[in-house]
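What follows is the content of upload_22.cif (mmCIF, C-alpha atoms and all ligand atoms).
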```cif
data_target
loop_
_atom_site.label_atom_id
_atom_site.label_comp_id
_atom_site.auth_asym_id
_atom_site.auth_seq_id
_atom_site.Cartn_x
_atom_site.Cartn_y
_atom_site.Cartn_z
CA MET U 72 71.92 -145.75 -26.16
CA LEU U 73 74.09 -148.70 -25.25
CA GLN U 74 73.04 -151.82 -23.40
CA VAL U 75 75.75 -154.22 -22.29
CA GLN U 76 74.34 -157.54 -21.12
CA HIS U 77 76.24 -160.41 -19.49
CA ILE U 78 79.52 -159.87 -21.35
CA GLN U 79 82.09 -162.60 -20.80
CA LYS U 80 85.67 -162.81 -22.03
CA SER U 81 88.55 -165.20 -21.39
CA PHE U 82 92.07 -165.20 -22.81
CA PRO U 83 94.01 -168.45 -23.30
CA ARG U 84 96.72 -167.97 -20.66
CA THR U 85 95.13 -165.22 -18.54
CA GLY U 86 91.83 -167.01 -17.98
CA GLU U 87 88.54 -165.25 -17.32
CA VAL U 88 88.92 -161.46 -17.56
CA LEU U 89 85.25 -160.39 -17.78
CA LYS U 90 82.84 -162.64 -15.88
CA ASP U 91 79.38 -161.18 -16.30
CA VAL U 92 79.38 -157.48 -17.10
CA SER U 93 76.07 -155.68 -17.58
CA PHE U 94 75.20 -151.96 -17.56
CA THR U 95 73.30 -149.35 -19.53
CA LEU U 96 74.63 -146.10 -20.96
CA LYS U 97 71.82 -143.61 -21.47
CA ASP U 98 71.51 -141.07 -24.30
CA GLY U 99 73.82 -138.13 -23.68
CA GLU U 100 75.21 -139.55 -20.45
CA PHE U 101 78.83 -139.29 -19.20
CA LEU U 102 79.67 -142.68 -17.70
CA SER U 103 83.00 -143.64 -16.14
CA VAL U 104 84.20 -147.18 -15.66
CA ILE U 105 86.56 -147.34 -12.68
CA GLY U 106 88.54 -150.21 -11.22
CA PRO U 107 92.08 -151.37 -10.45
CA SER U 108 94.71 -152.20 -13.04
CA GLY U 109 93.93 -155.49 -14.73
CA ALA U 110 90.22 -155.37 -13.83
CA GLY U 111 89.29 -155.67 -17.51
CA LYS U 112 88.40 -152.08 -18.45
CA THR U 113 90.39 -151.86 -21.69
CA THR U 114 89.22 -155.35 -22.65
CA LEU U 115 85.63 -154.19 -22.19
CA PHE U 116 86.23 -151.07 -24.32
CA ARG U 117 87.89 -153.14 -27.07
CA ILE U 118 84.84 -155.41 -27.13
CA LEU U 119 82.53 -152.39 -27.27
CA ASN U 120 84.27 -150.92 -30.34
CA GLY U 121 84.55 -154.24 -32.13
CA MET U 122 88.34 -154.68 -31.86
CA GLU U 123 87.90 -157.79 -29.74
CA ALA U 124 85.17 -160.45 -29.84
CA CYS U 125 83.47 -161.48 -26.61
CA ASP U 126 82.74 -165.09 -25.62
CA GLY U 127 79.19 -164.47 -24.47
CA GLY U 128 76.63 -161.77 -23.85
CA THR U 129 74.92 -159.10 -25.91
CA ILE U 130 75.74 -155.52 -26.86
CA LEU U 131 72.94 -153.33 -28.18
CA TYR U 132 73.63 -149.91 -29.69
CA ALA U 133 70.32 -148.01 -29.87
CA GLY U 134 68.63 -151.42 -29.77
CA VAL U 135 70.72 -152.92 -32.60
CA PRO U 136 72.77 -156.00 -31.60
CA PHE U 137 76.46 -155.32 -32.26
CA GLU U 138 77.87 -158.84 -32.22
CA SER U 139 75.37 -160.25 -34.70
CA ALA U 140 75.45 -157.26 -37.09
CA ARG U 141 77.21 -158.06 -40.36
CA GLY U 142 78.37 -156.08 -43.40
CA ARG U 143 76.51 -152.83 -43.88
CA ASP U 144 74.74 -153.14 -40.49
CA LYS U 145 78.05 -153.67 -38.72
CA ARG U 146 79.57 -150.61 -40.40
CA ALA U 147 76.50 -148.57 -39.47
CA VAL U 148 76.85 -149.60 -35.82
CA GLN U 149 80.62 -148.96 -35.85
CA ARG U 150 79.99 -145.49 -37.25
CA THR U 151 78.07 -144.65 -34.11
CA ILE U 152 81.18 -145.25 -31.95
CA GLY U 153 84.26 -143.04 -31.82
CA THR U 154 87.27 -144.06 -29.74
CA ILE U 155 90.08 -142.04 -28.19
CA TYR U 156 93.11 -143.51 -26.43
CA GLN U 157 95.75 -142.64 -23.86
CA ASP U 158 98.51 -142.51 -26.51
CA PHE U 159 96.37 -140.64 -29.10
CA CYS U 160 97.06 -143.12 -31.97
CA LEU U 161 97.66 -140.37 -34.54
CA VAL U 162 99.91 -140.27 -37.62
CA GLU U 163 102.69 -138.07 -36.23
CA VAL U 164 104.10 -136.87 -39.57
CA SER U 165 100.69 -135.86 -40.96
CA SER U 166 98.93 -132.57 -40.28
CA ALA U 167 96.12 -132.23 -37.76
CA LEU U 168 93.67 -131.81 -40.68
CA LYS U 169 94.89 -134.96 -42.46
CA ASN U 170 94.58 -136.97 -39.24
CA VAL U 171 90.97 -135.90 -38.84
CA LEU U 172 90.24 -136.62 -42.51
CA ASN U 173 91.70 -140.11 -42.07
CA ALA U 174 88.51 -140.98 -40.15
CA CYS U 175 86.75 -140.94 -43.54
CA LEU U 176 88.99 -143.58 -45.18
CA PRO U 177 86.70 -146.56 -44.39
CA GLU U 178 83.79 -144.95 -46.27
CA MET U 179 85.84 -143.92 -49.36
CA ASN U 180 86.57 -145.93 -52.48
CA THR U 181 90.08 -147.35 -52.74
CA GLY U 182 91.35 -144.96 -55.43
CA ALA U 183 90.22 -141.80 -53.67
CA ALA U 184 91.54 -143.16 -50.36
CA LEU U 185 94.97 -143.99 -51.84
CA LEU U 186 95.27 -140.56 -53.45
CA GLY U 187 94.01 -138.78 -50.35
CA ARG U 188 91.20 -137.13 -52.35
CA PHE U 189 88.85 -136.27 -49.51
CA GLY U 190 87.05 -133.50 -51.38
CA PRO U 191 86.05 -129.98 -50.24
CA VAL U 192 83.00 -131.02 -48.18
CA ARG U 193 84.98 -133.36 -45.93
CA ARG U 194 87.87 -130.86 -45.70
CA GLU U 195 85.55 -128.07 -44.58
CA LYS U 196 83.88 -130.36 -42.04
CA ALA U 197 87.25 -131.49 -40.62
CA ALA U 198 88.46 -127.87 -40.39
CA GLY U 199 85.22 -126.90 -38.60
CA ILE U 200 85.64 -129.66 -36.01
CA LEU U 201 89.28 -128.69 -35.41
CA ARG U 202 88.07 -125.14 -34.75
CA GLU U 203 85.40 -126.54 -32.40
CA VAL U 204 88.04 -128.36 -30.31
CA GLY U 205 90.20 -125.23 -30.06
CA LEU U 206 92.78 -125.87 -32.79
CA ALA U 207 91.80 -123.23 -35.37
CA ASP U 208 95.44 -122.18 -35.79
CA LYS U 209 96.88 -125.73 -35.98
CA LEU U 210 95.11 -127.21 -39.02
CA ASP U 211 98.26 -127.63 -41.12
CA GLU U 212 100.65 -128.30 -38.24
CA PRO U 213 102.27 -131.77 -38.26
CA VAL U 214 101.00 -133.65 -35.21
CA LYS U 215 104.56 -134.32 -34.01
CA ARG U 216 104.91 -130.59 -33.30
CA LEU U 217 101.79 -130.46 -31.09
CA SER U 218 101.65 -130.80 -27.29
CA GLY U 219 100.00 -133.82 -25.66
CA GLY U 220 96.82 -131.89 -24.92
CA GLN U 221 96.66 -130.62 -28.51
CA LYS U 222 97.20 -134.18 -29.80
CA GLN U 223 94.29 -135.41 -27.70
CA ARG U 224 92.18 -132.59 -29.18
CA VAL U 225 93.08 -133.82 -32.68
CA ALA U 226 92.10 -137.37 -31.64
CA ILE U 227 88.75 -136.10 -30.34
CA ALA U 228 88.22 -134.20 -33.60
CA ARG U 229 89.00 -137.38 -35.57
CA ALA U 230 86.48 -139.33 -33.51
CA LEU U 231 83.83 -136.62 -34.10
CA MET U 232 84.38 -136.60 -37.86
CA ARG U 233 81.97 -139.52 -38.29
CA ASP U 234 79.30 -138.00 -36.01
CA PRO U 235 79.37 -140.75 -33.38
CA ALA U 236 76.57 -141.18 -30.85
CA VAL U 237 79.01 -142.67 -28.32
CA LEU U 238 82.59 -141.63 -27.54
CA LEU U 239 84.70 -144.34 -25.91
CA ALA U 240 87.64 -142.81 -24.07
CA ASP U 241 90.19 -145.31 -22.72
CA GLU U 242 92.32 -143.36 -20.22
CA PRO U 243 92.13 -140.13 -22.25
CA VAL U 244 94.11 -138.08 -19.72
CA ALA U 245 96.63 -140.63 -18.40
CA SER U 246 99.48 -139.17 -20.51
CA LEU U 247 98.69 -135.56 -19.64
CA ASP U 248 99.55 -133.27 -16.73
CA PRO U 249 96.66 -132.57 -14.31
CA VAL U 250 95.79 -129.13 -15.73
CA THR U 251 95.78 -130.32 -19.35
CA GLY U 252 93.88 -133.47 -18.34
CA ARG U 253 91.13 -131.36 -16.80
CA GLN U 254 90.95 -129.22 -19.96
CA ILE U 255 90.48 -132.37 -22.07
CA LEU U 256 87.66 -133.56 -19.81
CA GLU U 257 86.08 -130.12 -20.06
CA LEU U 258 86.25 -130.48 -23.84
CA LEU U 259 84.63 -133.94 -23.64
CA ARG U 260 81.86 -132.46 -21.48
CA GLN U 261 81.41 -129.61 -23.97
CA VAL U 262 81.09 -132.13 -26.80
CA GLN U 263 78.70 -134.22 -24.70
CA GLN U 264 76.47 -131.23 -24.04
CA SER U 265 76.60 -129.45 -27.41
CA ARG U 266 76.32 -132.57 -29.58
CA GLY U 267 74.34 -134.83 -27.24
CA VAL U 268 77.06 -137.49 -27.51
CA SER U 269 77.24 -140.13 -24.76
CA VAL U 270 80.72 -140.50 -23.27
CA LEU U 271 82.04 -143.78 -21.88
CA MET U 272 85.38 -143.21 -20.18
CA ASN U 273 87.79 -145.16 -18.05
CA SER U 274 90.35 -143.33 -15.99
CA HIS U 275 92.56 -143.95 -12.98
CA ASN U 276 91.99 -140.33 -11.96
CA LEU U 277 89.16 -140.91 -9.51
CA GLU U 278 88.73 -137.26 -8.64
CA LEU U 279 88.16 -136.25 -12.28
CA SER U 280 85.99 -139.32 -12.94
CA LEU U 281 83.68 -138.34 -10.07
CA GLU U 282 83.59 -134.69 -11.04
CA PHE U 283 82.74 -135.16 -14.71
CA SER U 284 80.52 -138.26 -14.69
CA ASP U 285 76.76 -138.62 -14.37
CA HIS U 286 77.09 -142.35 -13.78
CA ILE U 287 79.85 -144.63 -12.44
CA ILE U 288 80.44 -148.35 -12.97
CA GLY U 289 82.97 -150.00 -10.65
CA ILE U 290 84.65 -153.15 -11.96
CA SER U 291 86.68 -155.54 -9.86
CA ARG U 292 88.00 -158.90 -11.05
CA GLY U 293 85.87 -158.71 -14.19
CA GLN U 294 82.60 -158.07 -12.38
CA VAL U 295 80.46 -154.97 -11.84
CA VAL U 296 80.57 -154.31 -8.10
CA PHE U 297 79.07 -150.80 -8.21
CA ASP U 298 76.56 -149.13 -10.54
CA GLY U 299 75.30 -145.74 -9.44
CA ALA U 300 75.78 -142.00 -9.13
CA PRO U 301 79.16 -140.44 -8.18
CA GLY U 302 77.59 -139.24 -4.90
CA ASP U 303 76.88 -142.85 -3.85
CA LEU U 304 80.53 -143.86 -4.06
CA THR U 305 81.30 -144.25 -0.35
CA GLU U 306 84.62 -145.35 1.12
CA GLU U 307 83.14 -148.78 1.70
CA VAL U 308 82.23 -149.05 -2.01
CA LEU U 309 85.71 -147.85 -3.04
CA GLU U 310 87.20 -150.57 -0.82
CA ARG U 311 85.01 -153.11 -2.61
CA ILE U 312 86.20 -151.85 -6.02
CA TYR U 313 89.90 -151.24 -5.29
CA GLY U 314 90.41 -153.49 -2.27
CA GLY U 315 91.02 -156.73 -4.16
CA ALA U 316 93.70 -157.26 -6.78
CA GLY U 317 92.90 -156.81 -10.45
CA VAL U 318 92.30 -160.09 -12.18
CA SER U 319 91.66 -163.35 -10.35
CA ALA U 320 93.74 -165.61 -12.61
N1 LIG U 401 95.10 -160.05 -25.80
C1 LIG U 401 95.24 -160.52 -24.55
N2 LIG U 401 95.70 -161.77 -24.32
C2 LIG U 401 95.83 -162.26 -23.07
N3 LIG U 401 95.53 -161.56 -21.97
C3 LIG U 401 95.06 -160.31 -22.12
C4 LIG U 401 94.89 -159.72 -23.42
N4 LIG U 401 94.41 -158.46 -23.25
C5 LIG U 401 94.29 -158.28 -21.92
N5 LIG U 401 94.67 -159.39 -21.24
C6 LIG U 401 94.66 -159.55 -19.78
O1 LIG U 401 93.38 -159.23 -19.31
C7 LIG U 401 93.48 -158.61 -18.03
C8 LIG U 401 92.71 -157.30 -18.07
O2 LIG U 401 93.43 -156.39 -18.89
P1 LIG U 401 92.87 -154.95 -19.25
O3 LIG U 401 93.89 -154.30 -20.11
O4 LIG U 401 91.51 -155.05 -19.78
O5 LIG U 401 92.85 -154.26 -17.81
P2 LIG U 401 92.57 -152.76 -17.43
O6 LIG U 401 91.49 -152.76 -16.42
O7 LIG U 401 92.38 -151.93 -18.63
O8 LIG U 401 93.94 -152.36 -16.70
P3 LIG U 401 94.69 -150.94 -16.66
O9 LIG U 401 93.92 -150.11 -15.68
O10 LIG U 401 96.07 -151.27 -16.16
O11 LIG U 401 94.71 -150.38 -18.04
C9 LIG U 401 94.94 -158.48 -17.70
O12 LIG U 401 95.32 -159.55 -16.87
C10 LIG U 401 95.59 -158.62 -19.06
O13 LIG U 401 96.89 -159.17 -18.94
MG MG U 402 93.39 -150.32 -19.52
#
```
Structure re-expressed in structure tokens:
Amino acid sequence: MLQVQHIQKSFPRTGEVLKDVSFTLKDGEFLSVIGPSGAGKTTLFRILNGMEACDGGTILYAGVPFESARGRDKRAVQRTIGTIYQDFCLVEVSSALKNVLNACLPEMNTGAALLGRFGPVRREKAAGILREVGLADKLDEPVKRLSGGQKQRVAIARALMRDPAVLLADEPVASLDPVTGRQILELLRQVQQSRGVSVLMNSHNLELSLEFSDHIIGISRGQVVFDGAPGDLTEEVLERIYGGAGVSA
């Protein structure tokens, strides 16, 4: 589904953040990227969803190179990726339904987008996804009146609106209490299994990462120091991942 090959990234003052990162995310797999603060996880995710350019390396989504795709091809590749964040990134004053519909704005013409004319087909689809994530009774509720767990459900619904093949989840449960965090990961697993979506997550909650993932990548100082199954993550490997500081610069 996603092949990441020799990704490199430096920032002017920070220096080299990603040195040579390679891994493969298989179709329908739940993969967690783990590593200490500053290891480069968010930077990697921002490169994978096109928010940040990398300095070297190749990203292939279903065999299509991401970096070199332009125009229509680039939009087609971006459509296959949905992202959710720690702080939800929703429009607080808008309803849950409107937030999910907002995912359609890039594909709409300017007039319809400005007037918020999403049309009945998109509205019905958005309502269906909100029901799927457990928010059937919250469609018209302004997001500011929802709990953190409910907000993350809206964000997941928004990501699903464009039928992504890959869900990138950057610390999806870091702002939630342990019980709610587990419920969100259960929802991600449900989405993974019912829709066949691949999930690429990074979380500081090691216990949940191990429990929910099929595959773990350990990053330390911008390099992959572990690539394997959760069961292979021994104490010695954890020391290798978390033992050093985050970034070398
Ligand atoms: N736009 C930027 N400009 C300069 N330095 C940056 C930029 N973005 C990230 N960095 C630096 O890159 C390094 C890696 O940051 P990143 O956010 O990717 O780490 P992380 O693994 O996600 O950490 P955390 O677990 O705390 O979220 C840090 O030293 C950070 O300061
Ligand atoms: Mg981060």
Measuring between all atoms listed in the file, which one of U:Met122, U:Leu304, U:Leu186, U:Leu231 shows the shortest distance to ligand LIG 401 (chain U)?
U:Met122
Give one line per residue of chain U that approaches ligand LIG 401 (chain U) to at most 9 Å, naming the two atoms of the closest pair and their distance in Å to one decimal, counting only C-alpha atoms and all ligand atoms; sort by chain then ascending residue number and deliver it as JSON lines.
```
{"residue": "U:Lys80", "atom": "CA", "partner": "U:LIG401", "partner_atom": "O1", "distance": 8.9}
{"residue": "U:Ser81", "atom": "CA", "partner": "U:LIG401", "partner_atom": "N3", "distance": 7.9}
{"residue": "U:Phe82", "atom": "CA", "partner": "U:LIG401", "partner_atom": "C2", "distance": 4.8}
{"residue": "U:Pro83", "atom": "CA", "partner": "U:LIG401", "partner_atom": "C2", "distance": 6.5}
{"residue": "U:Arg84", "atom": "CA", "partner": "U:LIG401", "partner_atom": "C2", "distance": 6.3}
{"residue": "U:Thr85", "atom": "CA", "partner": "U:LIG401", "partner_atom": "N3", "distance": 5.0}
{"residue": "U:Gly86", "atom": "CA", "partner": "U:LIG401", "partner_atom": "N3", "distance": 7.7}
{"residue": "U:Glu87", "atom": "CA", "partner": "U:LIG401", "partner_atom": "O1", "distance": 8.0}
{"residue": "U:Val88", "atom": "CA", "partner": "U:LIG401", "partner_atom": "O1", "distance": 5.3}
{"residue": "U:Leu89", "atom": "CA", "partner": "U:LIG401", "partner_atom": "C8", "distance": 8.1}
{"residue": "U:Ile105", "atom": "CA", "partner": "U:LIG401", "partner_atom": "O6", "distance": 8.2}
{"residue": "U:Gly106", "atom": "CA", "partner": "U:LIG401", "partner_atom": "O6", "distance": 6.5}
{"residue": "U:Pro107", "atom": "CA", "partner": "U:LIG401", "partner_atom": "O9", "distance": 5.7}
{"residue": "U:Ser108", "atom": "CA", "partner": "U:LIG401", "partner_atom": "O9", "distance": 3.5}
{"residue": "U:Gly109", "atom": "CA", "partner": "U:LIG401", "partner_atom": "O5", "distance": 3.5}
{"residue": "U:Ala110", "atom": "CA", "partner": "U:LIG401", "partner_atom": "O6", "distance": 3.9}
{"residue": "U:Gly111", "atom": "CA", "partner": "U:LIG401", "partner_atom": "O4", "distance": 3.2}
{"residue": "U:Lys112", "atom": "CA", "partner": "U:LIG401", "partner_atom": "O6", "distance": 3.8}
{"residue": "U:Thr113", "atom": "CA", "partner": "U:LIG401", "partner_atom": "O7", "distance": 3.7}
{"residue": "U:Thr114", "atom": "CA", "partner": "U:LIG401", "partner_atom": "O4", "distance": 3.7}
{"residue": "U:Leu115", "atom": "CA", "partner": "U:LIG401", "partner_atom": "O4", "distance": 6.4}
{"residue": "U:Phe116", "atom": "CA", "partner": "U:LIG401", "partner_atom": "O4", "distance": 8.0}
{"residue": "U:Arg117", "atom": "CA", "partner": "U:LIG401", "partner_atom": "O4", "distance": 8.4}
{"residue": "U:Glu123", "atom": "CA", "partner": "U:LIG401", "partner_atom": "N1", "distance": 8.5}
{"residue": "U:Asp241", "atom": "CA", "partner": "U:LIG401", "partner_atom": "O7", "distance": 8.1}
{"residue": "U:Glu242", "atom": "CA", "partner": "U:LIG401", "partner_atom": "O11", "distance": 7.7}
{"residue": "U:Asn273", "atom": "CA", "partner": "U:LIG401", "partner_atom": "O7", "distance": 8.2}
{"residue": "U:Ser274", "atom": "CA", "partner": "U:LIG401", "partner_atom": "O9", "distance": 7.7}
{"residue": "U:His275", "atom": "CA", "partner": "U:LIG401", "partner_atom": "O9", "distance": 6.9}
{"residue": "U:Ile290", "atom": "CA", "partner": "U:LIG401", "partner_atom": "O6", "distance": 8.2}
{"residue": "U:Ser291", "atom": "CA", "partner": "U:LIG401", "partner_atom": "O6", "distance": 8.6}
{"residue": "U:Arg292", "atom": "CA", "partner": "U:LIG401", "partner_atom": "C8", "distance": 8.6}
{"residue": "U:Gly293", "atom": "CA", "partner": "U:LIG401", "partner_atom": "C8", "distance": 8.0}
{"residue": "U:Gly317", "atom": "CA", "partner": "U:LIG401", "partner_atom": "O6", "distance": 7.4}
{"residue": "U:Val318", "atom": "CA", "partner": "U:LIG401", "partner_atom": "O12", "distance": 5.6}
{"residue": "U:Ser319", "atom": "CA", "partner": "U:LIG401", "partner_atom": "O12", "distance": 8.4}
{"residue": "U:Ala320", "atom": "CA", "partner": "U:LIG401", "partner_atom": "O12", "distance": 7.6}
```
My list of candidates is U:Ala245, U:Leu176, U:Ile227, U:Lys97. Which is closest to ligand MG 402 (chain U) when distances are computed with all atoms listed in the file?
U:Ala245
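Nearest-residue note for ligand MG 402 (chain U): choosing from U:Glu306, U:Glu257, U:Asp158, U:Glu100, the minimum distance belongs to U:Asp158, counting all atoms listed in the file.
Coordinates place atom CA of Cys175 of chain U at a distance of 7.9 Å from atom CA of Phe189 of chain U.
Candidate residues U:Pro136, U:Phe283, U:Val308, U:Asp211 were compared for distance to Val295 of chain U, and the nearest is U:Val308, using all atoms listed in the file.
Proximity of U:Leu206, U:Val104, U:Leu201, U:Ile312 to ligand MG 402 (chain U), computed with all atoms listed in the file, is greatest for U:Val104.
The gap separating atom CA of Val164 of chain U from atom CA of Arg216 of chain U is 8.9 Å, in Å to one decimal.
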Neighbours of Val268 of chain U within 7 Å (only C-alpha atoms; same-chain residues fewer than 2 positions away dropped), as a JSON list (two decimals) with C-alpha atoms, in the coordinates of the input?
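Once written, result_15.json looks like this:
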```json
[["chain", "number", "residue", "atom", "x", "y", "z"],
["U", 99, "GLY", "CA", 73.82, -138.13, -23.68],
["U", 236, "ALA", "CA", 76.57, -141.18, -30.85],
["U", 237, "VAL", "CA", 79.01, -142.67, -28.32],
["U", 238, "LEU", "CA", 82.59, -141.63, -27.54],
["U", 262, "VAL", "CA", 81.09, -132.13, -26.80],
["U", 263, "GLN", "CA", 78.70, -134.22, -24.70],
["U", 266, "ARG", "CA", 76.32, -132.57, -29.58],
["U", 270, "VAL", "CA", 80.72, -140.50, -23.27]]
```
Output, as AutoDock Vina command-line options, the centre and edge lengths in Å (one decimal) of the axis-aligned box that contains all listed atoms of segment 254-261 of chain U with 5 Å of margin on each side.
```
--center_x 86.2 --center_y -131.6 --center_z -21.9 --size_x 19.5 --size_y 14.7 --size_z 14.2
```
Would you compute the distance between atom CA of Lys215 of chain U and atom CA of Pro177 of chain U? Give it in Å to one decimal.
24.0 Å
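Proximity to ligand MG 402 (chain U) was assessed for U:Pro301, U:Pro243, U:Gly187, U:Gly182 counting only C-alpha atoms and all ligand atoms; the smallest distance is recorded for U:Pro243.
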Provide segment 198-222 of chain U rebuilt to N, CA and C atoms, formatted as a PDB file, in the frame of the given file.
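Below you can see rebuild.pdb, which holds the result:
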```
ATOM      1  N   ALA U 198      87.936-129.157 -40.875  1.00  0.00           N
ATOM      2  CA  ALA U 198      88.460-127.870 -40.390  1.00  0.00           C
ATOM      3  C   ALA U 198      87.512-127.294 -39.333  1.00  0.00           C
ATOM      4  N   GLY U 199      86.211-127.415 -39.556  1.00  0.00           N
ATOM      5  CA  GLY U 199      85.220-126.900 -38.600  1.00  0.00           C
ATOM      6  C   GLY U 199      85.324-127.601 -37.257  1.00  0.00           C
ATOM      7  N   ILE U 200      85.536-128.919 -37.282  1.00  0.00           N
ATOM      8  CA  ILE U 200      85.640-129.660 -36.010  1.00  0.00           C
ATOM      9  C   ILE U 200      86.941-129.288 -35.290  1.00  0.00           C
ATOM     10  N   LEU U 201      88.019-129.104 -36.055  1.00  0.00           N
ATOM     11  CA  LEU U 201      89.280-128.690 -35.410  1.00  0.00           C
ATOM     12  C   LEU U 201      89.122-127.315 -34.752  1.00  0.00           C
ATOM     13  N   ARG U 202      88.335-126.443 -35.382  1.00  0.00           N
ATOM     14  CA  ARG U 202      88.070-125.140 -34.750  1.00  0.00           C
ATOM     15  C   ARG U 202      87.250-125.357 -33.475  1.00  0.00           C
ATOM     16  N   GLU U 203      86.276-126.258 -33.551  1.00  0.00           N
ATOM     17  CA  GLU U 203      85.400-126.540 -32.400  1.00  0.00           C
ATOM     18  C   GLU U 203      86.194-127.031 -31.186  1.00  0.00           C
ATOM     19  N   VAL U 204      87.257-127.828 -31.442  1.00  0.00           N
ATOM     20  CA  VAL U 204      88.040-128.360 -30.310  1.00  0.00           C
ATOM     21  C   VAL U 204      89.198-127.421 -29.922  1.00  0.00           C
ATOM     22  N   GLY U 205      89.222-126.234 -30.496  1.00  0.00           N
ATOM     23  CA  GLY U 205      90.200-125.230 -30.060  1.00  0.00           C
ATOM     24  C   GLY U 205      91.513-125.238 -30.822  1.00  0.00           C
ATOM     25  N   LEU U 206      91.520-125.789 -32.040  1.00  0.00           N
ATOM     26  CA  LEU U 206      92.780-125.870 -32.790  1.00  0.00           C
ATOM     27  C   LEU U 206      92.712-125.112 -34.122  1.00  0.00           C
ATOM     28  N   ALA U 207      91.991-123.991 -34.131  1.00  0.00           N
ATOM     29  CA  ALA U 207      91.800-123.230 -35.370  1.00  0.00           C
ATOM     30  C   ALA U 207      93.129-122.868 -36.036  1.00  0.00           C
ATOM     31  N   ASP U 208      94.157-122.621 -35.215  1.00  0.00           N
ATOM     32  CA  ASP U 208      95.440-122.180 -35.790  1.00  0.00           C
ATOM     33  C   ASP U 208      96.422-123.332 -35.999  1.00  0.00           C
ATOM     34  N   LYS U 209      95.957-124.583 -35.881  1.00  0.00           N
ATOM     35  CA  LYS U 209      96.880-125.730 -35.980  1.00  0.00           C
ATOM     36  C   LYS U 209      96.516-126.692 -37.116  1.00  0.00           C
ATOM     37  N   LEU U 210      95.623-126.286 -37.999  1.00  0.00           N
ATOM     38  CA  LEU U 210      95.110-127.210 -39.020  1.00  0.00           C
ATOM     39  C   LEU U 210      96.226-127.881 -39.828  1.00  0.00           C
ATOM     40  N   ASP U 211      97.218-127.096 -40.237  1.00  0.00           N
ATOM     41  CA  ASP U 211      98.260-127.630 -41.120  1.00  0.00           C
ATOM     42  C   ASP U 211      99.531-128.032 -40.383  1.00  0.00           C
ATOM     43  N   GLU U 212      99.475-127.980 -39.066  1.00  0.00           N
ATOM     44  CA  GLU U 212     100.650-128.300 -38.240  1.00  0.00           C
ATOM     45  C   GLU U 212     100.839-129.833 -38.185  1.00  0.00           C
ATOM     46  N   PRO U 213     102.058-130.333 -38.448  1.00  0.00           N
ATOM     47  CA  PRO U 213     102.270-131.770 -38.260  1.00  0.00           C
ATOM     48  C   PRO U 213     102.023-132.139 -36.794  1.00  0.00           C
ATOM     49  N   VAL U 214     101.365-133.256 -36.568  1.00  0.00           N
ATOM     50  CA  VAL U 214     101.000-133.650 -35.210  1.00  0.00           C
ATOM     51  C   VAL U 214     102.221-133.760 -34.295  1.00  0.00           C
ATOM     52  N   LYS U 215     103.365-134.161 -34.862  1.00  0.00           N
ATOM     53  CA  LYS U 215     104.560-134.320 -34.010  1.00  0.00           C
ATOM     54  C   LYS U 215     104.985-133.014 -33.367  1.00  0.00           C
ATOM     55  N   ARG U 216     104.537-131.881 -33.895  1.00  0.00           N
ATOM     56  CA  ARG U 216     104.910-130.590 -33.300  1.00  0.00           C
ATOM     57  C   ARG U 216     103.863-130.089 -32.302  1.00  0.00           C
ATOM     58  N   LEU U 217     102.829-130.898 -32.037  1.00  0.00           N
ATOM     59  CA  LEU U 217     101.790-130.460 -31.090  1.00  0.00           C
ATOM     60  C   LEU U 217     102.078-130.989 -29.686  1.00  0.00           C
ATOM     61  N   SER U 218     101.533-130.323 -28.673  1.00  0.00           N
ATOM     62  CA  SER U 218     101.650-130.800 -27.290  1.00  0.00           C
ATOM     63  C   SER U 218     100.704-131.987 -27.086  1.00  0.00           C
ATOM     64  N   GLY U 219     100.868-132.672 -25.954  1.00  0.00           N
ATOM     65  CA  GLY U 219     100.000-133.820 -25.660  1.00  0.00           C
ATOM     66  C   GLY U 219      98.523-133.442 -25.644  1.00  0.00           C
ATOM     67  N   GLY U 220      98.218-132.327 -24.996  1.00  0.00           N
ATOM     68  CA  GLY U 220      96.820-131.890 -24.920  1.00  0.00           C
ATOM     69  C   GLY U 220      96.267-131.574 -26.309  1.00  0.00           C
ATOM     70  N   GLN U 221      97.103-130.941 -27.140  1.00  0.00           N
ATOM     71  CA  GLN U 221      96.660-130.620 -28.510  1.00  0.00           C
ATOM     72  C   GLN U 221      96.468-131.909 -29.316  1.00  0.00           C
ATOM     73  N   LYS U 222      97.357-132.897 -29.086  1.00  0.00           N
ATOM     74  CA  LYS U 222      97.200-134.180 -29.800  1.00  0.00           C
ATOM     75  C   LYS U 222      95.880-134.839 -29.409  1.00  0.00           C
TER      76      LYS U 222
END
```
